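Written out below as structure tokens is the structure these notes cover.
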Amino acid sequence: MTKVNSPQDAEAIIQKLPCDMGIHRNPRKGTLNAPTKILKDFSTDRKILKNEVFPDEFSLEKTHGRIYRNTENVLRYDKSIISVGGDHSVSFPVIKALKEKFPDMELIWMDSHLDVKEKIGKNVSHDVVVRELLDQGFSIDEIYFVGITEIDHDETEYLNDKDASIFESDELDEFLRVFNTGEQPVYLSVDIDVLTKDQAPGTGYPDGELEVKDVLNTIEEVRPNFADIVEVAPPLDKEERTQENARKIFGKLLDETVRS
């Protein structure tokens with residue numbers, strides 16, 4: 001990849017967000033070193049600036065604070081921003097910072113899970129991110145849930161009186177039909193667990209039913225302004241299929257965010 005030293009010279013800014021503290025209900029961890037593994041063999045002619053936010057060893061809240069401040073800082077340069085996690089909790093401070101700058105920004109949550117579970121304690125863990133975003137100012141009609149296969153009972157209760165746009169894995173064509181790519185900024189968050197277990201075994205909750213080609217086509221169709229790829233756990237996939245497919249998705253995200 002073509003590395004540059006100044007944000008002004010970059011086409012895109014890549015935030016490496018190593019973190020696994022947002023996973024608290026599952027022993028299948030391993031997302032801490034995912035950003036390095038995903039980007040290690042990545043090749044592109046795009047001019048990019050890589051930027052790493054190191055986690056606080058003892059505090060998820062402080063880690064999110066660091067990510068939020070870093071995102072605020074890189075936003076000043078008016079560049080495409082792609083974040084590479086890390087567990088899905090790292091998306092929260094990134095999206096929060098972007099939403100404050102772009103109040104009309106919409107969110108596409110491409111994941112096999114809704115992540116609107118009730119928060120336990122003060123931490124914004126990986127499975128409560130969207131609920132926290134809704135509590136902090138997002139409107140339900142600004143969020144599209146895509147690729148969903150698993151919905152917990154408490155999530156159904158929470159969304160019962162909300163008109164949520166939920167598209168299960170076999171409804172991808174319907175999502176692409178109704179989604180309107182307008183003037184508003186779009187953030188696309190891709191949890192690798194949206195893929196089938198065969199294509200992404202290295203993740204904490206391998207519940208997805210989409211193929212890589214489905215994700216790549218969605219990225220091309222929606223042309224997001226900002227994006228992330230999260231929940232890759234390299235230690236859980238010795239054959240490295242998961243990180244290889246994450247690398248393909250990252251490359252497509254890079255190309256489309258720069259073009260948007």
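Chains: A, B, ... in order of the structure tokens. Residues: from 1 per chain. Ligands: from 1, in order shown.
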
Exercise. Give me the residues within 7 Å of range 160-165 of chain A as a PyMOL selection string, counting only C-alpha atoms and dropping any in the same chain fewer than 6 places off.
Key: chain A and resi 140-141+143-145

Quiz item: Contacts of Asn51 in chain A at 9 Å or less, counting only C-alpha atoms, minus same-chain residues fewer than 4 places along, as a PyMOL selection string?
Solution: chain A and resi 13-17+70

Quiz item: Can you list, as a ChimeraX atom specification, every residue of range 25-255 of chain A that DSSP puts in strand (DSSP E or B)?
Solution: /A:47-52,80-85,106-110,113,143-148,150,165-168,186-191,195,210,226-230

Quiz item: How many Å separate CA of Lys3 in chain A from CA of Leu49 in chain A?
Solution: 5.9 Å

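Interatomic distance, CA of Met105 in chain A to CA of Tyr187 in chain A: 7.1 Å.
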
Could you build a table of the residues in range 119-153 of chain A lying no more than 8 Å from range 77-97 of chain A, giving for each the nearest pair of atoms and their separation in Å rounded to one decimal place, using only C-alpha atoms, ordered by chain and ascending residue number, as a tab-separated table?
residue	atom	partner	partner_atom	distance
A:Val124	CA	A:Ser89	CA	6.4
A:Ser125	CA	A:Ser89	CA	5.3
A:His126	CA	A:Ser89	CA	4.1
A:Asp127	CA	A:Ser89	CA	7.5
A:Val129	CA	A:Phe92	CA	5.9
A:Val130	CA	A:Phe92	CA	7.9
A:Leu133	CA	A:Phe92	CA	7.3
